[in-house]
Amino acid sequence: MKDFSIEVHGAHTYDATGAISEPIYLSATFRHPGFKKSTGYDYGRVANPTRDELESALTLLERGGRTWAMSSGMAAINIVFMLLSAGDHIVFSNDLYGGTVRLANEVYAKYGIEATYVDTSDLAAVKNALRPTTKLIYIETPSNPMMIISDIRALADLAHESGALLAVDNTFLSPHFQKPLPLGADIVLHSGTKYLCGHNDVIAGFLTVRDAESRLAECIQRLVVSSGPNLSTMDAWLMLRSLKTLGVRVERQAATAKKIAEWLGTQKHVTQVFYPGLENHPGYELQCRQATGFGGMVSFKVRSAELAQAVLGRLKLIAFAESLGGVESLLTYPKVQTHAEMPEELMKATGLDDKLLRLSVGLEDAEDLIEDLEQALNQ
Ligand SMILES: Cc1ncc(COP(=O)(O)O)c(C=O)c1O
């Protein structure tokens, strides 16, 4: 089945009533028919029918084998890191969501897990960073917020040659535009709070692996059951509802983002635009090969930090807020918001500075968004 159909129907198995909308099973526990007998559901931390439907839909969309729906993107990332042991080493993209870096550097470093940050669009740099103890290569592509594109297939090959796993944070594109598992990644994860939710009203996360019967799937299942990061039933239902419109939302968001990126490129106070859908973006060709769209995120630099900060206060339609992927357009100031705790040397390496703004394009009219940016940039 094609993505639009999967997004609407998922793996929906109708119950006896024939309900078109998946029922919300608000039960924390389930009655056993008899000793050593189960309906397939015993206790909500282990499985819930509404959450199961959502997980099955994501598995189909990612062309994977098994998915876990979690209470946040960070909960999903935490499970990935929990797969490692003291002495293991991770190679990370040097441009990443700041919370991921904080979890690795503040929490997992304490448990003896080492990390190296490199430009993962540079395969030689990744190769150089690999150690005999490297167990994980972890990337975002496009990366947050500098929109760097990394080669998923080549990195999967590198990881596998050295006995490591490749995990891809697919938050910026959603499975509608990019499917890392068929390209060779072992784990794909999301902040479901973003495009998968799409309405800025649920915090959620997802982890998907290729093979439901693998040792990796078994390990993740043990970690999930043991630590309990699951998504609540009500939120699972909201996410199922959101998924139905994923494709129509992200395709329109990407079309508007391209218009805005092109317009920003003509503005006298804008010094750089980072959008992988622009032909002059260094990752443009790779992005065309490994994804079917460019997404709705546009980062750009203005001529001074003072102007960047003034723009945030002048916005009328676009909201100055963290997060991304929703129907409402948001402008973020990464240096003091999403990436505030990023080590200075990483920001220097990627060019993340106080002149950078990150726009998450919503579903408003493109002309209205451009008009808002124009008045904010040129007052
Ligand atoms: C790319 C990316 N990954 C992961 C996360 C963490 O997700 P959550 O906020 O749902 O915990 C975020 C949050 O902004 C993000 O932007």
# chains A, B, ... in the order shown; residues from 1 in each chain; ligands from 1
>>> closest_atom_pairs(of="region 149-236 of chain A", to="region 21-27 of chain A", cutoff="10 Å", atoms="only C-alpha atoms", output="JSON lines")
{"residue": "A:Ser232", "atom": "CA", "partner": "A:Leu26", "partner_atom": "CA", "distance": 9.1}
{"residue": "A:Thr233", "atom": "CA", "partner": "A:Leu26", "partner_atom": "CA", "distance": 6.4}
{"residue": "A:Met234", "atom": "CA", "partner": "A:Ile24", "partner_atom": "CA", "distance": 6.8}
{"residue": "A:Asp235", "atom": "CA", "partner": "A:Ile24", "partner_atom": "CA", "distance": 9.8}
{"residue": "A:Ala236", "atom": "CA", "partner": "A:Ile24", "partner_atom": "CA", "distance": 8.6}
>>> residues_near_ligand(ligand="ligand 1", cutoff="9 Å", atoms="only C-alpha atoms and all ligand atoms", output="PyMOL selection string")
chain A and resi 71-77+96-100+140-145+169-172+189-194+202-205+322-324+338
>>> select_by_dssp(residues="region 38-169 of chain A", states="strand (DSSP E)", output="VMD selection string")
chain A and resid 66 to 70 89 to 93 114 to 118 134 to 140 165 to 169
>>> residues_around(residues="Asp353 (chain A)", least_positions_apart="2", cutoff="9 Å", atoms="only C-alpha atoms", output="list in words")
Lys301, Ala305, Pro334, Lys335, Met347, Lys348, Thr350, Gly351, Lys355 and Leu356 of chain A
>>> atom_distance(atom1="CA of Pro180 (chain A)", atom2="CA of Lys2 (chain A)")
16.4 Å
>>> closest_residue(among="A:Phe92, A:Phe206, A:Tyr14, A:Phe81", to="Arg51 (chain A)", atoms="only C-alpha atoms")
A:Phe206
>>> closest_residue(among="A:Glu371, A:Glu53, A:Asp88, A:Glu213", to="Leu238 (chain A)", atoms="only C-alpha atoms")
A:Glu53
>>> residues_around(residues="Glu218 (chain A)", least_positions_apart="3", cutoff="12 Å", atoms="only C-alpha atoms", output="ChimeraX atom specification")
/A:65-68,83,209,211-215,221-225
>>> residues_around(residues="Leu84 (chain A)", least_positions_apart="2", cutoff="10 Å", atoms="only C-alpha atoms", output="list of chain:residue names")
A:Ile79, A:Val80, A:Phe81, A:Met82, A:Ala86, A:Gly87, A:Asp88, A:His89, A:Ile90, A:Tyr108, A:Tyr111, A:Gly112, A:Ile113, A:Thr134, A:Lys135, A:Leu136
>>> write_last_selection(atoms="all heavy atoms", output="compact mmCIF listing (two decimals), in the first residue's frame")
# COMPACT_ATOMS: atom_id res chain seq x y z
N ILE A 79 15.74 5.09 25.24
CA ILE A 79 15.75 3.63 25.04
C ILE A 79 16.90 3.24 24.11
O ILE A 79 17.58 2.23 24.34
CB ILE A 79 14.39 3.14 24.49
CG1 ILE A 79 13.28 3.29 25.54
CG2 ILE A 79 14.47 1.69 23.99
CD1 ILE A 79 13.33 2.32 26.71
N VAL A 80 17.16 4.05 23.08
CA VAL A 80 18.28 3.73 22.18
C VAL A 80 19.59 3.72 22.96
O VAL A 80 20.40 2.79 22.85
CB VAL A 80 18.36 4.74 21.01
CG1 VAL A 80 19.59 4.47 20.14
CG2 VAL A 80 17.10 4.69 20.16
N PHE A 81 19.79 4.74 23.80
CA PHE A 81 21.04 4.81 24.58
C PHE A 81 21.13 3.68 25.61
O PHE A 81 22.21 3.20 25.94
CB PHE A 81 21.18 6.16 25.28
CG PHE A 81 21.35 7.34 24.34
CD1 PHE A 81 21.33 8.64 24.83
CD2 PHE A 81 21.53 7.17 22.98
CE1 PHE A 81 21.49 9.73 23.98
CE2 PHE A 81 21.68 8.25 22.11
CZ PHE A 81 21.66 9.53 22.62
N MET A 82 19.97 3.27 26.12
CA MET A 82 19.96 2.18 27.12
C MET A 82 20.41 0.85 26.53
O MET A 82 20.71 -0.10 27.27
CB MET A 82 18.55 2.02 27.73
CG MET A 82 18.21 3.07 28.77
SD MET A 82 16.47 2.97 29.22
CE MET A 82 16.52 1.73 30.47
N ALA A 86 28.57 0.27 29.63
CA ALA A 86 29.75 1.05 29.99
C ALA A 86 30.91 0.65 29.09
O ALA A 86 31.13 -0.54 28.84
CB ALA A 86 30.10 0.82 31.46
N GLY A 87 31.64 1.66 28.60
CA GLY A 87 32.78 1.40 27.72
C GLY A 87 32.42 1.49 26.24
O GLY A 87 33.31 1.58 25.39
N ASP A 88 31.11 1.47 25.93
CA ASP A 88 30.70 1.60 24.52
C ASP A 88 30.84 3.05 24.06
O ASP A 88 30.84 3.99 24.88
CB ASP A 88 29.24 1.16 24.34
CG ASP A 88 29.08 -0.36 24.45
OD1 ASP A 88 30.11 -1.06 24.46
OD2 ASP A 88 27.93 -0.82 24.54
N HIS A 89 30.91 3.22 22.74
CA HIS A 89 31.17 4.54 22.16
C HIS A 89 30.12 4.83 21.08
O HIS A 89 29.71 3.94 20.33
CB HIS A 89 32.59 4.49 21.54
CG HIS A 89 32.96 5.69 20.74
ND1 HIS A 89 33.22 5.64 19.39
CD2 HIS A 89 33.13 6.99 21.11
CE1 HIS A 89 33.55 6.85 18.96
NE2 HIS A 89 33.50 7.68 19.98
N ILE A 90 29.68 6.09 21.04
CA ILE A 90 28.70 6.52 20.03
C ILE A 90 29.36 7.58 19.14
O ILE A 90 30.03 8.49 19.63
CB ILE A 90 27.46 7.19 20.67
CG1 ILE A 90 26.88 6.32 21.80
CG2 ILE A 90 26.40 7.49 19.62
CD1 ILE A 90 25.73 6.99 22.57
N TYR A 108 24.48 9.79 30.16
CA TYR A 108 25.14 8.54 29.77
C TYR A 108 26.66 8.59 29.92
O TYR A 108 27.28 7.55 30.12
CB TYR A 108 24.67 8.11 28.37
CG TYR A 108 23.30 7.47 28.51
CD1 TYR A 108 22.14 8.23 28.44
CD2 TYR A 108 23.18 6.13 28.82
CE1 TYR A 108 20.90 7.66 28.65
CE2 TYR A 108 21.94 5.53 29.02
CZ TYR A 108 20.80 6.31 28.94
OH TYR A 108 19.58 5.75 29.16
N TYR A 111 27.63 7.07 33.02
CA TYR A 111 27.58 5.60 33.06
C TYR A 111 28.68 4.97 32.19
O TYR A 111 28.62 3.79 31.86
CB TYR A 111 26.21 5.10 32.59
CG TYR A 111 25.05 5.62 33.42
CD1 TYR A 111 23.85 5.99 32.82
CD2 TYR A 111 25.16 5.76 34.80
CE1 TYR A 111 22.79 6.48 33.57
CE2 TYR A 111 24.11 6.25 35.55
CZ TYR A 111 22.93 6.60 34.94
OH TYR A 111 21.90 7.08 35.68
N GLY A 112 29.63 5.81 31.75
CA GLY A 112 30.79 5.28 31.03
C GLY A 112 30.57 5.10 29.53
O GLY A 112 31.31 4.36 28.88
N ILE A 113 29.56 5.78 28.98
CA ILE A 113 29.35 5.70 27.52
C ILE A 113 29.98 6.93 26.89
O ILE A 113 29.70 8.06 27.28
CB ILE A 113 27.85 5.55 27.20
CG1 ILE A 113 27.44 4.14 27.66
CG2 ILE A 113 27.59 5.74 25.71
CD1 ILE A 113 25.99 3.93 27.77
N THR A 134 32.96 1.30 19.17
CA THR A 134 31.78 2.03 18.65
C THR A 134 30.63 1.05 18.44
O THR A 134 30.75 0.09 17.67
CB THR A 134 32.13 2.75 17.32
OG1 THR A 134 33.28 3.57 17.53
CG2 THR A 134 30.95 3.59 16.84
N LYS A 135 29.52 1.33 19.10
CA LYS A 135 28.36 0.42 18.99
C LYS A 135 27.20 1.11 18.28
O LYS A 135 26.22 0.46 17.94
CB LYS A 135 27.90 -0.02 20.38
CG LYS A 135 28.90 -0.92 21.08
CD LYS A 135 28.87 -2.32 20.48
CE LYS A 135 30.10 -3.15 20.76
NZ LYS A 135 30.54 -3.20 22.11
N LEU A 136 27.31 2.45 18.09
CA LEU A 136 26.17 3.17 17.54
C LEU A 136 26.65 4.39 16.76
O LEU A 136 27.52 5.14 17.24
CB LEU A 136 25.26 3.63 18.71
CG LEU A 136 24.02 4.43 18.37
CD1 LEU A 136 23.00 3.56 17.62
CD2 LEU A 136 23.36 4.99 19.65
>>> closest_residue(among="A:Ile187, A:Ala109, A:Met147, A:Leu312", to="Ser121 (chain A)", atoms="only C-alpha atoms")
A:Met147
